[in-house]
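Chemist: As input, take protein03.txt (compact mmCIF, C-alpha atoms and all ligand atoms):
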# COMPACT_ATOMS: atom_id res chain seq x y z
CA MET A 1 142.90 161.95 111.56
CA THR A 2 143.40 161.19 115.22
CA GLY A 3 142.09 163.04 118.20
CA LEU A 4 140.82 162.65 121.73
CA MET A 5 137.35 161.67 120.62
CA ASP A 6 138.38 158.80 118.38
CA ALA A 7 136.65 155.52 119.04
CA ALA A 8 138.94 152.86 120.50
CA LEU A 9 137.65 150.55 117.81
CA GLU A 10 135.60 151.40 114.78
CA THR A 11 134.53 149.43 111.76
CA ARG A 12 133.35 151.03 108.53
CA GLY A 13 131.46 148.78 106.20
CA LEU A 14 133.68 145.94 107.33
CA SER A 15 132.66 142.60 105.87
CA LYS A 16 134.07 139.14 105.29
CA VAL A 17 133.17 136.44 102.83
CA TYR A 18 135.15 133.20 103.16
CA ARG A 19 135.59 131.58 99.78
CA ARG A 20 137.69 128.57 100.51
CA LEU A 21 135.39 125.59 100.15
CA ARG A 22 132.13 127.38 99.66
CA ARG A 23 131.07 131.00 99.98
CA ILE A 24 130.30 131.88 103.56
CA ARG A 25 129.17 135.39 104.34
CA ALA A 26 130.58 135.39 107.85
CA LEU A 27 130.37 139.13 108.40
CA GLU A 28 127.87 141.42 106.67
CA PRO A 29 129.05 145.02 106.17
CA LEU A 30 129.25 146.41 109.67
CA ASP A 31 129.57 149.90 111.14
CA LEU A 32 130.37 149.71 114.80
CA ALA A 33 132.14 152.08 117.16
CA VAL A 34 133.34 151.36 120.66
CA ALA A 35 134.14 154.41 122.78
CA PRO A 36 137.40 154.47 124.75
CA GLY A 37 137.10 153.07 128.25
CA THR A 38 134.16 150.82 127.37
CA VAL A 39 133.99 147.19 128.37
CA PHE A 40 132.20 145.87 125.32
CA GLY A 41 130.74 142.40 124.94
CA LEU A 42 129.98 140.78 121.62
CA LEU A 43 127.46 138.00 122.03
CA GLY A 44 126.31 135.45 119.54
CA ALA A 45 125.77 131.76 118.96
CA ASN A 46 128.46 129.50 117.52
CA GLY A 47 129.22 130.61 114.00
CA ALA A 48 127.59 134.04 114.39
CA GLY A 49 130.77 135.72 113.17
CA LYS A 50 132.29 137.04 116.40
CA SER A 51 135.79 135.70 115.83
CA THR A 52 135.63 136.69 112.18
CA LEU A 53 134.84 140.27 113.17
CA VAL A 54 137.79 140.43 115.53
CA LYS A 55 140.20 138.73 113.13
CA THR A 56 139.16 141.01 110.30
CA VAL A 57 139.65 144.07 112.49
CA LEU A 58 143.14 142.88 113.36
CA GLY A 59 144.03 141.99 109.80
CA ILE A 60 144.48 138.31 110.67
CA CYS A 61 142.03 137.65 107.90
CA ARG A 62 141.57 140.04 105.03
CA ALA A 63 138.40 142.13 104.89
CA THR A 64 136.21 141.60 101.83
CA THR A 65 134.98 145.20 102.07
CA GLY A 66 135.53 148.12 104.40
CA HIS A 67 138.14 148.70 107.02
CA ALA A 68 138.63 149.22 110.73
CA LEU A 69 140.18 151.95 112.83
CA ILE A 70 141.96 151.59 116.13
CA PHE A 71 142.10 154.85 118.05
CA GLY A 72 141.57 156.59 114.73
CA LYS A 73 144.32 154.81 112.83
CA ASP A 74 143.68 152.33 110.05
CA SER A 75 144.11 148.88 111.56
CA ARG A 76 146.17 147.77 108.55
CA ASP A 77 148.86 150.11 109.86
CA PRO A 78 151.10 148.12 112.25
CA ALA A 79 151.40 151.22 114.45
CA ALA A 80 147.63 150.99 115.07
CA ARG A 81 147.83 147.33 116.06
CA ARG A 82 150.58 148.10 118.54
CA GLU A 83 147.89 149.59 120.76
CA VAL A 84 146.07 146.25 120.96
CA GLY A 85 146.42 143.20 123.17
CA TYR A 86 144.73 140.13 121.76
CA LEU A 87 143.76 136.77 123.15
CA PRO A 88 142.82 134.55 120.21
CA GLU A 89 140.19 131.87 120.44
CA GLY A 90 141.57 128.48 121.50
CA THR A 91 145.17 129.57 121.99
CA HIS A 92 147.92 127.02 121.59
CA PHE A 93 151.33 127.68 123.05
CA ALA A 94 154.41 125.57 122.50
CA ARG A 95 154.07 122.83 125.11
CA TYR A 96 157.78 122.65 125.90
CA LEU A 97 157.88 126.29 127.02
CA SER A 98 157.04 127.46 130.52
CA GLY A 99 154.33 130.04 131.08
CA ARG A 100 157.06 132.57 131.79
CA ASP A 101 158.87 131.68 128.53
CA VAL A 102 155.62 132.21 126.62
CA LEU A 103 155.14 135.65 128.11
CA TRP A 104 158.78 136.48 127.56
CA TYR A 105 158.44 135.55 123.91
CA PHE A 106 155.27 137.56 123.33
CA GLY A 107 156.67 140.45 125.37
CA ARG A 108 159.67 140.59 123.04
CA LEU A 109 157.34 140.50 120.06
CA ALA A 110 155.45 143.44 121.57
CA GLY A 111 158.71 145.35 121.73
CA LEU A 112 159.41 145.02 125.45
CA THR A 113 163.01 144.56 126.60
CA GLY A 114 165.19 144.54 129.72
CA THR A 115 163.78 145.47 133.10
CA ARG A 116 160.45 146.56 131.68
CA LEU A 117 159.98 143.17 130.04
CA ARG A 118 160.80 141.36 133.28
CA GLU A 119 158.53 143.58 135.34
CA GLN A 120 155.67 143.24 132.89
CA VAL A 121 155.95 139.45 132.76
CA ASP A 122 156.02 139.18 136.57
CA ALA A 123 153.15 141.62 137.04
CA LYS A 124 150.89 139.89 134.54
CA LEU A 125 151.69 136.43 135.90
CA ARG A 126 150.65 137.66 139.35
CA LEU A 127 147.55 139.35 138.02
CA VAL A 128 146.20 136.15 136.48
CA GLY A 129 147.19 134.06 139.51
CA MET A 130 149.87 132.06 137.68
CA ALA A 131 152.99 133.26 139.52
CA ASP A 132 153.44 129.91 141.30
CA TRP A 133 153.10 127.96 138.07
CA ALA A 134 155.17 130.28 135.90
CA ASP A 135 158.16 127.96 135.59
CA LYS A 136 156.23 124.79 134.88
CA LYS A 137 155.86 123.65 131.29
CA VAL A 138 152.72 124.56 129.35
CA SER A 139 152.27 120.80 128.75
CA GLN A 140 151.51 120.46 132.47
CA TYR A 141 148.89 123.21 132.48
CA SER A 142 145.17 122.66 132.51
CA LYS A 143 143.09 124.37 129.85
CA GLY A 144 142.13 127.08 132.31
CA MET A 145 145.78 127.74 133.13
CA ARG A 146 146.67 128.05 129.46
CA GLN A 147 143.80 130.46 129.09
CA ARG A 148 145.15 132.55 131.97
CA ILE A 149 148.58 132.68 130.35
CA GLY A 150 146.81 133.79 127.19
CA LEU A 151 145.11 136.56 129.12
CA ALA A 152 148.42 137.62 130.69
CA GLN A 153 149.92 137.68 127.20
CA ALA A 154 147.16 140.00 125.96
CA MET A 155 147.92 142.44 128.78
CA LEU A 156 151.67 142.68 128.18
CA GLY A 157 152.81 146.23 127.60
CA ASP A 158 149.56 147.63 129.02
CA PRO A 159 147.76 148.15 125.70
CA ARG A 160 144.89 150.66 125.60
CA LEU A 161 142.64 148.20 123.79
CA ILE A 162 142.41 144.53 124.72
CA ILE A 163 140.46 142.09 122.59
CA LEU A 164 139.61 138.80 124.23
CA ASP A 165 138.03 136.02 122.19
CA GLU A 166 136.22 133.72 124.63
CA PRO A 167 138.52 134.46 127.57
CA THR A 168 136.85 131.97 129.90
CA ASP A 169 136.42 129.13 127.44
CA GLY A 170 137.11 125.91 129.30
CA VAL A 171 137.86 127.66 132.56
CA ASP A 172 136.35 126.39 135.82
CA PRO A 173 134.05 128.61 137.93
CA GLU A 174 136.84 129.79 140.23
CA GLY A 175 139.09 130.61 137.30
CA ARG A 176 136.23 132.38 135.56
CA HIS A 177 135.68 134.46 138.65
CA HIS A 178 139.35 135.37 138.68
CA ILE A 179 139.36 136.33 135.00
CA ARG A 180 136.22 138.36 135.53
CA ASP A 181 137.92 140.31 138.32
CA VAL A 182 140.91 140.97 136.09
CA ILE A 183 138.60 142.29 133.37
CA ILE A 184 136.72 144.50 135.81
CA GLY A 185 140.05 145.81 137.11
CA LEU A 186 141.23 146.67 133.60
CA GLY A 187 137.91 148.39 132.91
CA LYS A 188 138.34 150.52 136.03
CA GLN A 189 141.76 151.60 134.82
CA GLY A 190 140.13 152.92 131.66
CA VAL A 191 141.36 150.17 129.33
CA THR A 192 138.95 149.48 126.48
CA LEU A 193 137.96 145.83 126.40
CA PHE A 194 136.32 144.00 123.56
CA LEU A 195 135.09 140.63 124.65
CA ASN A 196 133.65 137.81 122.57
CA SER A 197 131.59 135.44 124.60
CA HIS A 198 128.58 133.22 124.81
CA MET A 199 128.60 133.30 128.59
CA LEU A 200 125.69 135.65 129.10
CA SER A 201 125.90 135.98 132.86
CA GLU A 202 129.56 136.84 132.61
CA VAL A 203 129.00 139.46 129.96
CA GLU A 204 126.19 140.88 132.00
CA SER A 205 128.38 141.27 135.05
CA VAL A 206 131.36 142.93 133.37
CA CYS A 207 130.20 144.74 130.23
CA HIS A 208 128.97 148.30 129.95
CA GLU A 209 127.70 147.72 126.47
CA ILE A 210 126.90 144.72 124.33
CA ALA A 211 126.09 143.80 120.78
CA ILE A 212 124.18 140.70 119.80
CA MET A 213 125.35 139.12 116.60
CA TYR A 214 123.39 136.67 114.51
CA GLN A 215 124.43 135.18 111.20
CA GLY A 216 127.00 137.82 110.46
CA ARG A 217 124.95 140.84 111.53
CA VAL A 218 124.70 142.87 114.68
CA LEU A 219 120.99 142.74 115.46
CA LYS A 220 121.06 144.72 118.65
CA ARG A 221 123.48 146.90 120.51
CA GLY A 222 123.29 149.03 123.59
CA ARG A 223 123.59 148.97 127.34
CA VAL A 224 122.68 145.64 128.94
CA GLN A 225 120.01 147.30 131.07
CA ASP A 226 118.41 149.08 128.11
CA ILE A 227 118.28 145.91 126.05
CA ARG A 228 116.81 143.97 128.95
CA ASN A 229 114.20 146.68 129.52
CA GLU A 230 113.29 146.81 125.87
CA MET A 231 112.96 143.05 125.73
CA SER A 232 110.86 143.04 128.90
CA MET A 233 108.10 144.80 126.98
CA ARG A 234 105.86 143.23 124.40
CA ASP A 235 104.19 145.29 121.67
CA GLY A 236 105.09 148.40 123.65
CA LYS A 237 103.34 147.10 126.76
CA TYR A 238 104.75 146.18 130.13
CA GLN A 239 104.40 142.59 131.19
CA LEU A 240 103.29 141.32 134.57
CA VAL A 241 103.94 137.96 136.12
CA PHE A 242 101.09 136.51 138.17
CA ARG A 243 101.83 133.71 140.62
CA THR A 244 98.55 131.86 140.96
CA GLY A 245 96.86 128.59 141.73
CA PRO A 246 95.54 126.47 138.83
CA LEU A 247 93.81 128.36 136.03
CA PRO A 248 90.40 127.28 134.73
CA SER A 249 90.24 126.03 131.16
CA GLN A 250 87.72 128.77 130.26
CA LEU A 251 89.38 132.14 130.79
CA PRO A 252 87.60 135.50 130.94
CA PRO A 253 88.23 137.70 127.84
CA LEU A 254 90.46 140.07 129.79
CA LEU A 255 92.92 137.24 130.28
CA ALA A 256 93.11 136.32 126.61
CA GLY A 257 96.70 136.48 125.43
CA LEU A 258 98.25 135.35 128.68
CA GLN A 259 101.28 133.15 128.50
CA ARG A 260 101.18 130.23 130.89
CA GLU A 261 104.25 129.72 133.06
CA ASP A 262 105.08 127.48 136.00
CA HIS A 263 102.88 128.50 138.92
CA GLY A 264 101.04 131.22 137.02
CA PHE A 265 101.24 133.26 133.86
CA ARG A 266 102.64 136.33 132.17
CA ILE A 267 100.49 138.98 130.54
CA ALA A 268 101.03 142.33 128.80
CA VAL A 269 99.22 145.37 130.21
CA ALA A 270 98.79 148.77 128.62
CA ASP A 271 98.53 150.71 131.89
CA ARG A 272 98.37 150.10 135.61
CA GLU A 273 94.57 150.50 135.76
CA GLU A 274 94.40 147.14 134.09
CA ILE A 275 95.96 145.48 137.13
CA PRO A 276 92.93 145.71 139.49
CA ARG A 277 90.65 144.68 136.61
CA LEU A 278 92.79 141.61 136.00
CA ILE A 279 92.79 140.75 139.69
CA ASP A 280 88.98 141.06 139.84
CA ALA A 281 88.60 138.86 136.76
CA LEU A 282 90.86 136.21 138.29
CA ARG A 283 89.01 136.27 141.60
CA ASP A 284 85.66 135.96 139.81
CA SER A 285 87.05 132.84 138.15
CA GLY A 286 88.05 131.44 141.54
CA VAL A 287 91.80 131.68 140.91
CA ALA A 288 94.04 132.18 143.96
CA ILE A 289 96.60 134.98 143.50
CA TYR A 290 99.83 134.57 145.41
CA GLY A 291 101.83 137.39 143.91
CA VAL A 292 102.09 139.93 141.10
CA GLU A 293 105.31 141.47 139.86
CA GLN A 294 106.64 143.28 136.85
CA TYR A 295 108.44 141.05 134.40
CA HIS A 296 112.16 141.74 133.85
CA ALA A 297 113.78 139.81 131.05
CA SER A 298 117.13 138.31 131.94
CA LEU A 299 119.89 138.88 129.44
CA GLU A 300 119.41 135.28 128.39
CA GLU A 301 115.74 135.82 127.60
CA ALA A 302 116.55 139.08 125.82
CA PHE A 303 119.21 137.28 123.80
CA LEU A 304 116.85 134.49 122.81
CA ARG A 305 114.19 137.00 121.78
CA VAL A 306 116.63 138.91 119.62
CA MET A 307 117.59 135.61 117.94
CA ASP A 308 113.94 134.74 117.54
CA ASP A 309 113.09 138.09 115.96
CA GLY A 310 116.11 137.62 113.68
CA ASN A 311 114.76 134.27 112.56
CA HIS A 312 111.29 135.60 111.90
CA HIS A 313 112.56 138.49 109.86
CA GLY A 314 114.52 136.14 107.71
CA VAL A 315 117.93 137.58 108.53
CA GLY A 316 120.65 135.64 106.82
CA GLY A 317 118.33 134.05 104.29
CA THR A 318 120.74 134.91 101.50
CA ARG A 319 123.79 134.03 103.47
CA GLN A 320 125.44 131.34 101.46
N1 LIG A 401 138.82 130.19 107.99
C1 LIG A 401 137.55 129.99 107.64
N2 LIG A 401 137.24 129.51 106.41
C2 LIG A 401 135.96 129.32 106.04
N3 LIG A 401 134.90 129.58 106.84
C3 LIG A 401 135.13 130.06 108.07
C4 LIG A 401 136.47 130.28 108.54
N4 LIG A 401 136.40 130.76 109.80
C5 LIG A 401 135.08 130.84 110.12
N5 LIG A 401 134.32 130.42 109.08
C6 LIG A 401 132.84 130.41 109.03
O1 LIG A 401 132.39 131.73 109.27
C7 LIG A 401 131.24 131.74 110.12
C8 LIG A 401 131.53 132.57 111.35
O2 LIG A 401 132.51 131.91 112.13
P1 LIG A 401 133.17 132.55 113.42
O3 LIG A 401 134.28 131.68 113.85
O4 LIG A 401 133.46 133.98 113.15
O5 LIG A 401 131.97 132.47 114.46
P2 LIG A 401 131.95 132.74 116.04
O6 LIG A 401 130.80 133.65 116.30
O7 LIG A 401 133.29 133.17 116.50
O8 LIG A 401 131.60 131.29 116.61
P3 LIG A 401 132.06 130.56 117.98
O9 LIG A 401 131.13 131.07 119.03
O10 LIG A 401 131.84 129.13 117.68
O11 LIG A 401 133.49 130.91 118.23
C9 LIG A 401 130.91 130.29 110.40
O12 LIG A 401 129.94 129.89 109.47
C10 LIG A 401 132.22 129.56 110.13
O13 LIG A 401 131.99 128.27 109.69
MG MG A 402 134.60 132.41 117.81
Before we go any further, please render this structure as structure tokens.
Modeler:
Amino acid sequence: MTGLMDAALETRGLSKVYRRLRRIRALEPLDLAVAPGTVFGLLGANGAGKSTLVKTVLGICRATTGHALIFGKDSRDPAARREVGYLPEGTHFARYLSGRDVLWYFGRLAGLTGTRLREQVDAKLRLVGMADWADKKVSQYSKGMRQRIGLAQAMLGDPRLIILDEPTDGVDPEGRHHIRDVIIGLGKQGVTLFLNSHMLSEVESVCHEIAIMYQGRVLKRGRVQDIRNEMSMRDGKYQLVFRTGPLPSQLPPLLAGLQREDHGFRIAVADREEIPRLIDALRDSGVAIYGVEQYHASLEEAFLRVMDDGNHHGVGGTRQ
């Protein structure tokens, strides 16, 4: 059934076990829904299963269990996949073609013809900043340029859902900036974007929502800010960062449990009344206090903590 409220992308118990050389449980059964208009980032270390998830959704590799829906239609239905633009990981285009030829070819595959095809190819070349290079051969392109052509290809025909697997892989900072702007622009137009990446800062700057994947499972999902806030706390307590002079080897009991950092320490506090007590205890110990601030985990720290928690809870122990 399709309707206005359908998720742009939804997986229902979708899983993948590769069986070629040895059994690899690359994707544990996953239920995930991405609302239309969301810029969604899937994060995870190498081998976490990000590309597998995307390829299984698109039917490029066959699901072991479950299925996926694209705007409410089963993704095994070619009509459903017509709504999707896709930039695969590590794209390779025929080196003897020009960038324009490549887009022409993929545009035809996407069902574009005539004036619309020409307009689309020109528009996307401009959008990714490749208009001046369009008639040079792919063999003369840098990796970043090939990646931009790949991005242009994924946008042909203005699909409502665009899936980008590591869109900035191998792209220099300027190129990354450009690609980021293109993604933000698409997001503003209401296109749903699904982005695989391990570039945390990039994901943080463009994505409304993220999921963190680890050994075939999504361990965490939500808004970047919410995940960062949650990970800023420890055992339900806020954390403070004290910038101080050297600490004595014998610490007063109140300071037990602090975590030493460069130029100070971090400590969890149950309520704000603890702050003056901590300051008094430090002063009594002769410690100079240069600053106190609330701790905010960066996405990188949050990511590492999610991984760490995953490790400690033995996720993936039965993976192979
Ligand atoms: N075609 C395949 N045959 C067998 N195993 C595979 C295949 N493709 C991926 N795998 C395995 O599945 C797991 C997940 O791989 P996947 O490529 O989905 O990870 P990823 O999160 O995209 O990693 P990366 O960040 O390196 O792109 C890995 O253990 C990988 O070795
Ligand atoms: Mg991958």
Chemist: Enclose all atoms of ligand LIG 401 (chain A) listed in the file in an axis-aligned box, grow every side by 4 Å, and hand back centre and edge lengths in Å to one decimal, as JSON.
Modeler:
{"center_x": 134.4, "center_y": 131.1, "center_z": 112.5, "size_x": 16.9, "size_y": 13.7, "size_z": 21.0}
Chemist: Restricting the calculation to all atoms listed in the file: of A:Pro167, A:Pro159, A:Gly291, A:Pro36, which residue gets closest to ligand MG 402 (chain A)?
Modeler: A:Pro167
Chemist: To one decimal in Å, tell me the separation between atom CA of Gln140 of chain A and atom CA of Tyr105 of chain A.
Modeler: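 Spanning atom CA of Gln140 of chain A to atom CA of Tyr105 of chain A is a straight-line distance of 18.7 Å.
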Chemist: Excluding Leu32 of chain A and residues on its chain fewer than 6 positions from it, collect all residues at most 8 Å away from it, counting all atoms listed in the file, and give them as a VMD selection string.
Modeler: chain A and resid 9 to 12
Chemist: Let me see if you get this right: every residue at most 8 Å from ligand MG 402 (chain A), counting all atoms listed in the file, written as a PyMOL selection string.
Modeler: chain A and resi 46-52+89+165-166+196
Chemist: Go through A:Gln250, A:Ser139, A:Gln189, A:Thr56 and flag the residue nearest ligand LIG 401 (chain A), using all atoms listed in the file for the distances.
Modeler: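 Ranking A:Gln250, A:Ser139, A:Gln189, A:Thr56 by distance to ligand LIG 401 (chain A), first place goes to A:Thr56.
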Chemist: Would you compute the distance between atom N1 of ligand LIG 401 (chain A) and atom CA of Tyr18 of chain A? Give it in Å to one decimal.
Modeler: 6.8 Å
Chemist: Can you pull out every residue within 9 Å of segment 174-182 of chain A, counting all atoms listed in the file, but drop anything in the same chain fewer than 2 positions away, and send it as number ranges by chain?
Modeler: A: 127-129, 144-145, 148, 151, 167-169, 171-172, 184-187, 202, 205-206
Chemist: Enumerate residues in contact with ligand LIG 401 (chain A): an atom-to-atom distance of at most 12 Å, counting only C-alpha atoms and all ligand atoms. Format the result as a ChimeraX atom specification.
Modeler: /A:15-28,42-57,60-62,88-90,164-167,169,195-199,212-218,316,319-320
Chemist: Quick one: distance from atom CA of Cys207 of chain A to atom CA of Val241 of chain A in Å, one decimal?
Modeler: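 Atom CA of Cys207 of chain A sits 27.8 Å away from atom CA of Val241 of chain A.
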Chemist: Compare A:Val102, A:Leu161, A:Ala154, A:Val287 by their minimum atom-to-atom distance to Leu69 of chain A, counting all atoms listed in the file, and give me the closest one.
Modeler: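 Checking each of A:Val102, A:Leu161, A:Ala154, A:Val287 against Leu69 of chain A, counting all atoms listed in the file, the winner is A:Leu161.
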Chemist: From the options A:Ser201, A:Gln147, A:Thr64, A:Ser298, which residue's atoms come nearest to His92 of chain A, counting all atoms listed in the file?
Modeler: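 Of A:Ser201, A:Gln147, A:Thr64, A:Ser298, the one nearest His92 of chain A, counting all atoms listed in the file, is A:Gln147.
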Chemist: Taking only C-alpha atoms into account, which of A:Phe265, A:Arg223, A:Tyr141, A:Glu204 comes nearest Ala94 of chain A?
Modeler: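 Counting only C-alpha atoms, the residue closest to Ala94 of chain A is A:Tyr141.
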